[in-house]
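Enquirer: Pasting a structure below so you can have a look.
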Amino acid sequence: MADRGGGAAGNALYGVGMFGAWVYFWMQADGFWQHVLAFLEGIVWPAFAVYHGLQALGA
């Protein structure tokens, strides 16, 4: 059975969000290691966002 690419929109949304997180964290960084950390934070931000979102909902 052929794959119809149903997850393509989710991948694009994740990519746009990750790019936005990189811009945000990069603007907050002040030194070399903070810029390295900003890059890493941009990659893992969805995990923290979902975790804190569910925690705020009381789930």
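In the structure tokens, the first chain shown is A, the next is B, and so on; residue numbers restart at 1 for each chain, and ligands run from 1 in the order shown.
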As a ChimeraX atom specification, list the residues of chain A assigned to helix (DSSP H, G or I) by DSSP on the backbone atoms of this structure.
Expert: /A:8-28,32-57
Enquirer: Take the selection from the previous step and output its residues with N, CA and C atoms, as a compact mmCIF listing (two decimals), in the first residue's frame.
Expert:
```txt
# COMPACT_ATOMS: atom_id res chain seq x y z
N ALA A 8 2.83 14.97 6.51
CA ALA A 8 3.63 16.06 5.96
C ALA A 8 3.29 17.40 6.61
N ALA A 9 2.04 17.65 6.89
CA ALA A 9 1.65 18.93 7.49
C ALA A 9 2.21 19.04 8.91
N GLY A 10 2.21 17.96 9.65
CA GLY A 10 2.78 17.98 10.99
C GLY A 10 4.27 18.24 10.96
N ASN A 11 4.96 17.64 10.00
CA ASN A 11 6.39 17.88 9.87
C ASN A 11 6.69 19.32 9.53
N ALA A 12 5.90 19.91 8.65
CA ALA A 12 6.10 21.31 8.27
C ALA A 12 5.82 22.23 9.46
N LEU A 13 4.77 21.94 10.21
CA LEU A 13 4.45 22.75 11.38
C LEU A 13 5.55 22.65 12.43
N TYR A 14 6.07 21.46 12.64
CA TYR A 14 7.18 21.27 13.58
C TYR A 14 8.41 22.07 13.12
N GLY A 15 8.69 22.03 11.83
CA GLY A 15 9.84 22.75 11.29
C GLY A 15 9.71 24.25 11.46
N VAL A 16 8.54 24.79 11.20
CA VAL A 16 8.31 26.23 11.37
C VAL A 16 8.44 26.60 12.85
N GLY A 17 7.88 25.78 13.72
CA GLY A 17 7.98 26.04 15.15
C GLY A 17 9.41 25.97 15.65
N MET A 18 10.17 25.00 15.14
CA MET A 18 11.56 24.87 15.55
C MET A 18 12.38 26.07 15.06
N PHE A 19 12.13 26.51 13.85
CA PHE A 19 12.82 27.69 13.33
C PHE A 19 12.49 28.93 14.17
N GLY A 20 11.21 29.08 14.53
CA GLY A 20 10.82 30.19 15.38
C GLY A 20 11.47 30.13 16.75
N ALA A 21 11.58 28.93 17.30
CA ALA A 21 12.24 28.77 18.60
C ALA A 21 13.71 29.12 18.49
N TRP A 22 14.35 28.73 17.39
CA TRP A 22 15.76 29.09 17.20
C TRP A 22 15.94 30.60 17.17
N VAL A 23 15.07 31.29 16.44
CA VAL A 23 15.17 32.74 16.37
C VAL A 23 14.99 33.34 17.76
N TYR A 24 13.98 32.89 18.49
CA TYR A 24 13.72 33.43 19.82
C TYR A 24 14.89 33.18 20.77
N PHE A 25 15.35 31.94 20.87
CA PHE A 25 16.43 31.62 21.79
C PHE A 25 17.74 32.27 21.35
N TRP A 26 17.98 32.39 20.04
CA TRP A 26 19.19 33.02 19.54
C TRP A 26 19.23 34.49 19.94
N MET A 27 18.09 35.17 19.87
CA MET A 27 18.03 36.59 20.24
C MET A 27 18.28 36.78 21.74
N GLN A 28 17.96 35.78 22.56
CA GLN A 28 18.15 35.88 24.00
C GLN A 28 19.58 35.55 24.42
N PHE A 32 29.01 32.64 23.25
CA PHE A 32 29.15 31.47 22.38
C PHE A 32 28.37 30.26 22.91
N TRP A 33 28.57 29.92 24.18
CA TRP A 33 27.92 28.73 24.73
C TRP A 33 26.42 28.92 24.86
N GLN A 34 25.98 30.13 25.06
CA GLN A 34 24.54 30.38 25.10
C GLN A 34 23.94 30.22 23.71
N HIS A 35 24.70 30.55 22.67
CA HIS A 35 24.21 30.32 21.31
C HIS A 35 24.15 28.82 20.99
N VAL A 36 25.13 28.07 21.49
CA VAL A 36 25.08 26.61 21.31
C VAL A 36 23.87 26.05 22.03
N LEU A 37 23.63 26.51 23.25
CA LEU A 37 22.45 26.06 24.01
C LEU A 37 21.16 26.48 23.32
N ALA A 38 21.14 27.66 22.71
CA ALA A 38 19.95 28.11 21.98
C ALA A 38 19.62 27.17 20.84
N PHE A 39 20.64 26.68 20.14
CA PHE A 39 20.42 25.72 19.06
C PHE A 39 19.80 24.44 19.59
N LEU A 40 20.34 23.93 20.70
CA LEU A 40 19.82 22.69 21.29
C LEU A 40 18.40 22.89 21.84
N GLU A 41 18.14 24.03 22.45
CA GLU A 41 16.80 24.31 22.97
C GLU A 41 15.78 24.36 21.84
N GLY A 42 16.17 24.89 20.70
CA GLY A 42 15.26 24.95 19.56
C GLY A 42 14.85 23.57 19.08
N ILE A 43 15.72 22.59 19.26
CA ILE A 43 15.40 21.23 18.82
C ILE A 43 14.41 20.55 19.78
N VAL A 44 14.59 20.77 21.09
CA VAL A 44 13.79 20.02 22.06
C VAL A 44 12.62 20.81 22.66
N TRP A 45 12.36 22.04 22.18
CA TRP A 45 11.31 22.85 22.78
C TRP A 45 9.93 22.20 22.77
N PRO A 46 9.54 21.40 21.75
CA PRO A 46 8.19 20.84 21.79
C PRO A 46 7.95 19.91 22.97
N ALA A 47 8.98 19.17 23.37
CA ALA A 47 8.81 18.26 24.51
C ALA A 47 8.49 19.06 25.77
N PHE A 48 9.18 20.14 25.99
CA PHE A 48 8.91 20.97 27.16
C PHE A 48 7.55 21.67 27.06
N ALA A 49 7.19 22.12 25.87
CA ALA A 49 5.91 22.80 25.68
C ALA A 49 4.75 21.85 25.98
N VAL A 50 4.82 20.64 25.47
CA VAL A 50 3.75 19.67 25.71
C VAL A 50 3.71 19.27 27.19
N TYR A 51 4.86 19.05 27.79
CA TYR A 51 4.92 18.67 29.18
C TYR A 51 4.28 19.73 30.08
N HIS A 52 4.70 20.98 29.89
CA HIS A 52 4.16 22.05 30.74
C HIS A 52 2.71 22.36 30.41
N GLY A 53 2.32 22.19 29.16
CA GLY A 53 0.92 22.37 28.79
C GLY A 53 0.02 21.36 29.46
N LEU A 54 0.42 20.09 29.44
CA LEU A 54 -0.37 19.05 30.10
C LEU A 54 -0.35 19.23 31.61
N GLN A 55 0.77 19.69 32.14
CA GLN A 55 0.85 19.92 33.58
C GLN A 55 -0.10 21.06 33.98
N ALA A 56 -0.22 22.08 33.16
CA ALA A 56 -1.12 23.18 33.46
C ALA A 56 -2.58 22.75 33.38
N LEU A 57 -2.88 21.78 32.52
CA LEU A 57 -4.24 21.27 32.42
C LEU A 57 -4.59 20.30 33.54
```
